[in-house]
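This report refers to the structure that appears directly beneath it.
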Amino acid sequence: MKINQELCVGCGMCVPYCPVGAIHLEDRKAHIDADACVECSCCRRSGVCRKNAIVQDELSWPRGVRSVMSDVFTVYEGTGVSGRGTEEMKTNDVTGRFRPGWVGVAVEMGRPIAACTFRQVQEVSVALAASGIVEFEPCNPITALMKDNKTGYFQDDILDERVYSAILEFPVKLEDLPRVLELCKQAAEKTDTLFSLDVCSVTQDGQNQKVLEILDKAGMSARPNGKVNLGLGKPAYQF
Amino acid sequence: MSHTLHRRGSVESLKKDIVFLALPAHRYNDQDIPMEEVGAKLRRFMEIGLEQGCICIGNASTGNLHTLGGVQQILDSTTSGATVHCVFDDQEKAIAMMQALKEADLGMSVVVSGLFDMLGECCQKSGLHMHTVEYSLGIWGNTSGLPAEPIMEINTMCGHGMVSVGRIQDVADKIKKGRMTCEEGGKELAKTCTCGIFNWKRAAEILAEIAS
Ligand code: SF4
Ligand code: SF4
């Protein structure tokens, strides 16, 4: 994103709109720090600038990945879903993506507020992949940017690209969940950014209760609020 | 995408925050059902939400009340596959929504976010059951740069994080100075949450807390 310096009158109205604080005023003009900007389009889309001075410059590779991961309306062709991840548990009643005996884990790097570079995402993805029990979800746009979803290494030219968030998604066997949680704890100690963590599970045969017990043993408590798929989708997946 | 999952706040506050979303399953419903029929089902989902008293609706692919200009425009923009939302602030209305969705049998996947205890009760009363659940395990790593909790509670109501900390502080400041009411502030902040899942009513309550 850029500010047209000729049109900008330096009113400063756009400054608080940026979720990563990339806009500042200098010499009575707004400026965008290109390194910090994650190309989310929030400033421009808000319509806050009455002078239409906030303009989208052409996003070529590799900068374009910022927009894919950060702009709500940029659709990743592989999933057809706008946003940063897959449908995960939202359509599990139809797709059967997470079956009994398995759970889905999502490590959302940079969320909330902090943002992250792919280099920071890679530190976590490589550590997870090295365990041999994690294989990243192929339909997720992040996975598509990896050189190999078994190693967790990303394409070299995107490593310094900064995005608002990047979701590492993967299924694991229920019995491997404690090991994955341990790896996440270790990653949390090492990273200089942050991540939001979640686990999804079917309720069949009380599996979600077993998940809660595993979380408890790992010293990780689930928040009292979360998401529930109501099983209304059709055709219903037969486990 | 887990955009309604990581909401924060006290149990009392979260009792007034229940978000429904509906979507077709990619590579299933969008191949088996003509796109315009999928759009009609999603539109019907939002109409049911409005009939049951939701406080706002939105379409993640086309926009919210502010970006599209009104409820009718959101409905009209829903002509094919998308993730669509209805936000409720009351458990009884959420139960009625579940009952109505069960009856309507739209065949789209429906996910609801809120307090698990409360959702369990809603399911029981509406004759639905929890098929799959998703637990939030909170924030890990370097949290030193995060703002105060009430600001986080508002910020996390837009799962894409498009309600910036700067804007929240700006609006809270205007409320403190008497230039805006809390309700106006909540609605103002909802504008940049393009999916329309931001609970402006709950935000107004949190803003009142911040401003006091
Ligand atoms: S809102 Fe527009 S005119 Fe005002 S500082 Fe920002 S870019 Fe410049
Ligand atoms: S595009 Fe997003 S990150 Fe970049 S300046 Fe605008 S609001 Fe900030």
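Residue names in the structure tokens use chain letters A, B, ... in the order shown, residue numbers from 1 in each chain, and ligand numbers from 1 in the order shown.
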
Exercise. Once you count only C-alpha atoms and all ligand atoms, which residues end up within 7 Å of ligand 2, and could you hand them over as a ChimeraX atom specification?
Worked result: /A:1,17-23,32,36-44

* What do you get as a list in words if you pick all residues at most 6 Å from ligand 1, counting only C-alpha atoms and all ligand atoms? -> Ile3, Cys8, Val9, Gly10, Cys11, Gly12, Met13, Cys14, Lys29, Ala30, Val48, Cys49, Lys51, Ala53 and Ile54 of chain A

Those selected residues, please, written with N, CA, C and O atoms and delivered as a CSV table (one decimal), in the first residue's frame.
```
chain,number,residue,atom,x,y,z
A,3,ILE,N,1.0,5.8,-0.1
A,3,ILE,CA,0.2,7.1,0.1
A,3,ILE,C,0.6,8.0,-1.1
A,3,ILE,O,1.8,8.2,-1.3
A,8,CYS,N,-2.3,13.6,-0.4
A,8,CYS,CA,-2.3,13.6,1.0
A,8,CYS,C,-2.3,15.0,1.6
A,8,CYS,O,-1.4,15.8,1.2
A,9,VAL,N,-3.2,15.3,2.5
A,9,VAL,CA,-3.1,16.7,3.2
A,9,VAL,C,-2.7,16.5,4.6
A,9,VAL,O,-2.7,17.5,5.4
A,10,GLY,N,-2.3,15.3,5.0
A,10,GLY,CA,-1.7,15.1,6.4
A,10,GLY,C,-2.7,15.3,7.5
A,10,GLY,O,-2.3,15.6,8.6
A,11,CYS,N,-3.9,14.9,7.3
A,11,CYS,CA,-4.9,15.1,8.3
A,11,CYS,C,-4.7,14.0,9.4
A,11,CYS,O,-5.2,14.2,10.6
A,12,GLY,N,-4.0,12.9,9.1
A,12,GLY,CA,-3.7,11.9,10.1
A,12,GLY,C,-4.9,10.9,10.4
A,12,GLY,O,-4.7,10.0,11.3
A,13,MET,N,-6.0,11.1,9.8
A,13,MET,CA,-7.2,10.2,10.0
A,13,MET,C,-6.9,8.7,9.8
A,13,MET,O,-7.5,7.9,10.5
A,14,CYS,N,-6.0,8.4,8.9
A,14,CYS,CA,-5.8,7.0,8.5
A,14,CYS,C,-4.9,6.3,9.5
A,14,CYS,O,-4.9,5.1,9.6
A,29,LYS,N,2.7,14.8,6.1
A,29,LYS,CA,2.2,13.8,5.1
A,29,LYS,C,2.2,12.5,5.8
A,29,LYS,O,3.0,12.2,6.7
A,30,ALA,N,1.2,11.6,5.4
A,30,ALA,CA,1.2,10.2,5.8
A,30,ALA,C,2.2,9.4,5.0
A,30,ALA,O,2.4,9.6,3.8
A,48,VAL,N,-11.5,5.9,4.9
A,48,VAL,CA,-11.3,7.0,5.9
A,48,VAL,C,-10.7,8.2,5.1
A,48,VAL,O,-10.9,9.4,5.5
A,49,CYS,N,-9.9,8.0,4.1
A,49,CYS,CA,-9.2,9.1,3.4
A,49,CYS,C,-10.1,9.8,2.4
A,49,CYS,O,-10.5,9.2,1.4
A,51,LYS,N,-9.4,12.2,0.6
A,51,LYS,CA,-8.6,12.7,-0.6
A,51,LYS,C,-8.2,11.5,-1.5
A,51,LYS,O,-7.5,11.7,-2.5
A,53,ALA,N,-6.1,9.3,-1.1
A,53,ALA,CA,-4.6,9.3,-1.2
A,53,ALA,C,-4.0,7.9,-0.9
A,53,ALA,O,-2.8,7.7,-1.1
A,54,ILE,N,-4.8,7.0,-0.4
A,54,ILE,CA,-4.3,5.7,-0.1
A,54,ILE,C,-4.5,4.8,-1.3
A,54,ILE,O,-5.7,4.6,-1.7
```

### Message
Distance limit 7 Å, atoms considered: only C-alpha atoms. Which chain B residues sit that close to chain A? Return them as a ChimeraX atom specification.
### Response
/B:1,5,25,61,107-116,128-143,161-162,164-167,192

Using only C-alpha atoms, which residues sit within 9 Å of Met118 of chain B once same-chain residues fewer than 5 positions away are excluded, as an MDAnalysis selection string?
chainID B and resid 15 91 123

Neighbouring residues of Lys177 of chain B were defined as those with any atom within 12 Å, considering only C-alpha atoms; residues of the same chain fewer than 6 positions away were excluded. Please report them as a tab-separated table (two decimals) with N, CA, C and O atoms, in the first residue's frame.
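Saved file selection-v1.tsv follows:
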```tsv
chain	number	residue	atom	x	y	z
B	170	ASP	N	-8.94	5.25	19.93
B	170	ASP	CA	-9.47	6.49	19.37
B	170	ASP	C	-10.96	6.66	19.73
B	170	ASP	O	-11.39	7.72	20.21
B	171	VAL	N	-11.72	5.58	19.51
B	171	VAL	CA	-13.16	5.62	19.80
B	171	VAL	C	-13.39	5.77	21.31
B	171	VAL	O	-14.25	6.55	21.75
B	211	ALA	N	-14.13	3.48	29.07
B	211	ALA	CA	-14.31	4.93	29.22
B	211	ALA	C	-14.51	5.35	30.67
B	211	ALA	O	-14.21	6.48	31.04
B	212	SER	N	-15.00	4.41	31.50
B	212	SER	CA	-15.24	4.78	32.91
B	212	SER	C	-13.95	4.62	33.70
B	212	SER	O	-13.90	4.82	34.88
```

Correct to one decimal, the distance atom CA of Leu128 of chain A-atom CA of Leu159 of chain A is 17.6 Å

Neighbouring residues of Glu209 of chain B were defined as those with any atom within 10 Å, considering only C-alpha atoms; residues of the same chain fewer than 4 positions away were excluded. Please report them as a PDB file with C-alpha atoms, in the first residue's frame.
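Output saved as selection-v7.pdb:
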```
ATOM      1  CA  PRO B 150     -10.585  -4.894  27.482  1.00  0.00           C
ATOM      2  CA  ALA B 172     -12.765   5.114  23.582  1.00  0.00           C
ATOM      3  CA  CYS B 182     -20.898   3.785  23.539  1.00  0.00           C
ATOM      4  CA  ALA B 203     -18.258  -3.857  22.176  1.00  0.00           C
ATOM      5  CA  ALA B 204     -20.394  -0.922  23.412  1.00  0.00           C
ATOM      6  CA  GLU B 205     -20.496  -2.500  26.890  1.00  0.00           C
TER       7      GLU B 205
END
```

task = Do a neighbour search on Phe154 of chain A at 8 Å with only C-alpha atoms, toss out local chain neighbours closer than 4 positions, and write the hits as a PyMOL selection string.
result = chain A and resi 118+122+145-148+158-159

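Picture a line from atom CA of Tyr28 of chain B to atom CA of Ile74 of chain B; it runs 24.6 Å.
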
Checklist entry - Which parts of segment 137-177 of chain A does DSSP call strand (DSSP E or B) when run on the backbone here, written out as a list in words? => result Met146, Lys147, Asp148, Tyr153, Phe154, Arg162, Val163, Ala166, Ile167, Leu168, Glu169, Phe170, Pro171, Val172 and Lys173 of chain A

Please produce a file of the residues just selected, as a PDB file, in the first residue's frame, where the atoms kept are C-alpha atoms.
```pdb
ATOM      1  CA  MET A 146       6.371 -24.690   1.576  1.00  0.00           C
ATOM      2  CA  LYS A 147       9.134 -26.369  -0.389  1.00  0.00           C
ATOM      3  CA  ASP A 148       8.066 -29.623   1.206  1.00  0.00           C
ATOM      4  CA  TYR A 153      10.702 -25.308   5.009  1.00  0.00           C
ATOM      5  CA  PHE A 154       9.327 -22.391   2.969  1.00  0.00           C
ATOM      6  CA  ARG A 162       5.573 -10.097   6.767  1.00  0.00           C
ATOM      7  CA  VAL A 163       1.958 -11.196   7.104  1.00  0.00           C
ATOM      8  CA  ALA A 166      -0.300 -17.549   8.976  1.00  0.00           C
ATOM      9  CA  ILE A 167      -2.105 -20.692  10.031  1.00  0.00           C
ATOM     10  CA  LEU A 168      -0.162 -23.938  10.293  1.00  0.00           C
ATOM     11  CA  GLU A 169      -2.868 -26.611  10.125  1.00  0.00           C
ATOM     12  CA  PHE A 170      -2.453 -30.338  10.484  1.00  0.00           C
ATOM     13  CA  PRO A 171      -4.256 -33.465  11.621  1.00  0.00           C
ATOM     14  CA  VAL A 172      -2.609 -35.747  14.192  1.00  0.00           C
ATOM     15  CA  LYS A 173      -3.573 -39.016  15.797  1.00  0.00           C
TER      16      LYS A 173
END
```

Exercise. Go through B:Lys41, B:Leu189, B:Lys125, B:Asn199 and flag the residue nearest Gln99 of chain B, using only C-alpha atoms for the distances.
Key: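 Answer, going by the shortest atom-to-atom distance: B:Lys125.
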
Contacts of Met97 of chain B at 12 Å or less, counting only C-alpha atoms, minus same-chain residues fewer than 5 places along, as a ChimeraX atom specification?
/B:18-21,45-54,86-92,102-104,110,112,119,122-123,125-128

Legend entry - Backbone DSSP call of alpha helix (DSSP H) for segment 132-194 of chain B, listed as JSON, numbers by chain: {"B": [149, 150, 151, 152, 153, 154, 155, 165, 166, 167, 168, 169, 170, 171, 172, 173, 174, 175, 176, 182, 183, 184, 185, 186, 187, 188, 189, 190]}

What does the file look like for those residues with N, CA and C atoms, as a tab-separated table (two decimals), in the first residue's frame?
```tsv
chain	number	residue	atom	x	y	z
B	149	GLU	N	-6.43	-6.00	28.49
B	149	GLU	CA	-7.45	-7.01	28.21
B	149	GLU	C	-8.75	-6.46	27.60
B	150	PRO	N	-9.33	-5.36	28.11
B	150	PRO	CA	-10.58	-4.89	27.48
B	150	PRO	C	-10.40	-4.56	26.00
B	151	ILE	N	-9.24	-4.06	25.64
B	151	ILE	CA	-8.95	-3.75	24.22
B	151	ILE	C	-8.86	-5.06	23.45
B	152	MET	N	-8.21	-6.06	24.04
B	152	MET	CA	-8.11	-7.39	23.41
B	152	MET	C	-9.50	-7.99	23.20
B	153	GLU	N	-10.39	-7.78	24.17
B	153	GLU	CA	-11.74	-8.35	24.06
B	153	GLU	C	-12.46	-7.77	22.84
B	154	ILE	N	-12.25	-6.50	22.58
B	154	ILE	CA	-12.88	-5.88	21.41
B	154	ILE	C	-12.16	-6.31	20.14
B	155	ASN	N	-10.84	-6.25	20.16
B	155	ASN	CA	-10.03	-6.59	18.97
B	155	ASN	C	-10.32	-8.01	18.47
B	165	VAL	N	-6.12	-1.71	17.27
B	165	VAL	CA	-5.97	-1.19	18.63
B	165	VAL	C	-6.07	0.34	18.61
B	166	GLY	N	-5.45	0.96	17.60
B	166	GLY	CA	-5.48	2.42	17.48
B	166	GLY	C	-6.90	2.95	17.36
B	167	ARG	N	-7.72	2.26	16.59
B	167	ARG	CA	-9.11	2.68	16.39
B	167	ARG	C	-9.90	2.52	17.69
B	168	ILE	N	-9.65	1.43	18.39
B	168	ILE	CA	-10.38	1.19	19.64
B	168	ILE	C	-10.04	2.30	20.64
B	169	GLN	N	-8.74	2.63	20.71
B	169	GLN	CA	-8.33	3.69	21.64
B	169	GLN	C	-8.91	5.04	21.23
B	170	ASP	N	-8.94	5.25	19.93
B	170	ASP	CA	-9.47	6.49	19.37
B	170	ASP	C	-10.96	6.66	19.73
B	171	VAL	N	-11.72	5.58	19.51
B	171	VAL	CA	-13.16	5.62	19.80
B	171	VAL	C	-13.39	5.77	21.31
B	172	ALA	N	-12.62	5.02	22.12
B	172	ALA	CA	-12.76	5.11	23.58
B	172	ALA	C	-12.50	6.55	24.03
B	173	ASP	N	-11.53	7.17	23.41
B	173	ASP	CA	-11.18	8.55	23.73
B	173	ASP	C	-12.34	9.51	23.40
B	174	LYS	N	-12.96	9.29	22.25
B	174	LYS	CA	-14.09	10.14	21.84
B	174	LYS	C	-15.26	9.96	22.82
B	175	ILE	N	-15.46	8.73	23.29
B	175	ILE	CA	-16.54	8.47	24.25
B	175	ILE	C	-16.24	9.22	25.57
B	176	LYS	N	-14.98	9.11	26.00
B	176	LYS	CA	-14.58	9.80	27.24
B	176	LYS	C	-14.83	11.30	27.14
B	182	CYS	N	-21.52	5.12	23.61
B	182	CYS	CA	-20.90	3.79	23.54
B	182	CYS	C	-21.49	2.99	22.38
B	183	GLU	N	-22.81	3.13	22.17
B	183	GLU	CA	-23.45	2.39	21.08
B	183	GLU	C	-22.91	2.87	19.72
B	184	GLU	N	-22.78	4.16	19.59
B	184	GLU	CA	-22.19	4.69	18.34
B	184	GLU	C	-20.77	4.18	18.15
B	185	GLY	N	-20.04	4.12	19.26
B	185	GLY	CA	-18.65	3.63	19.21
B	185	GLY	C	-18.59	2.18	18.77
B	186	GLY	N	-19.47	1.35	19.33
B	186	GLY	CA	-19.52	-0.07	18.96
B	186	GLY	C	-19.82	-0.23	17.48
B	187	LYS	N	-20.79	0.54	16.99
B	187	LYS	CA	-21.16	0.46	15.56
B	187	LYS	C	-20.05	1.00	14.66
B	188	GLU	N	-19.38	2.02	15.14
B	188	GLU	CA	-18.27	2.61	14.38
B	188	GLU	C	-17.15	1.57	14.19
B	189	LEU	N	-16.82	0.88	15.28
B	189	LEU	CA	-15.74	-0.11	15.20
B	189	LEU	C	-16.13	-1.29	14.33
B	190	ALA	N	-17.42	-1.60	14.28
B	190	ALA	CA	-17.89	-2.75	13.49
B	190	ALA	C	-17.63	-2.55	11.99
```
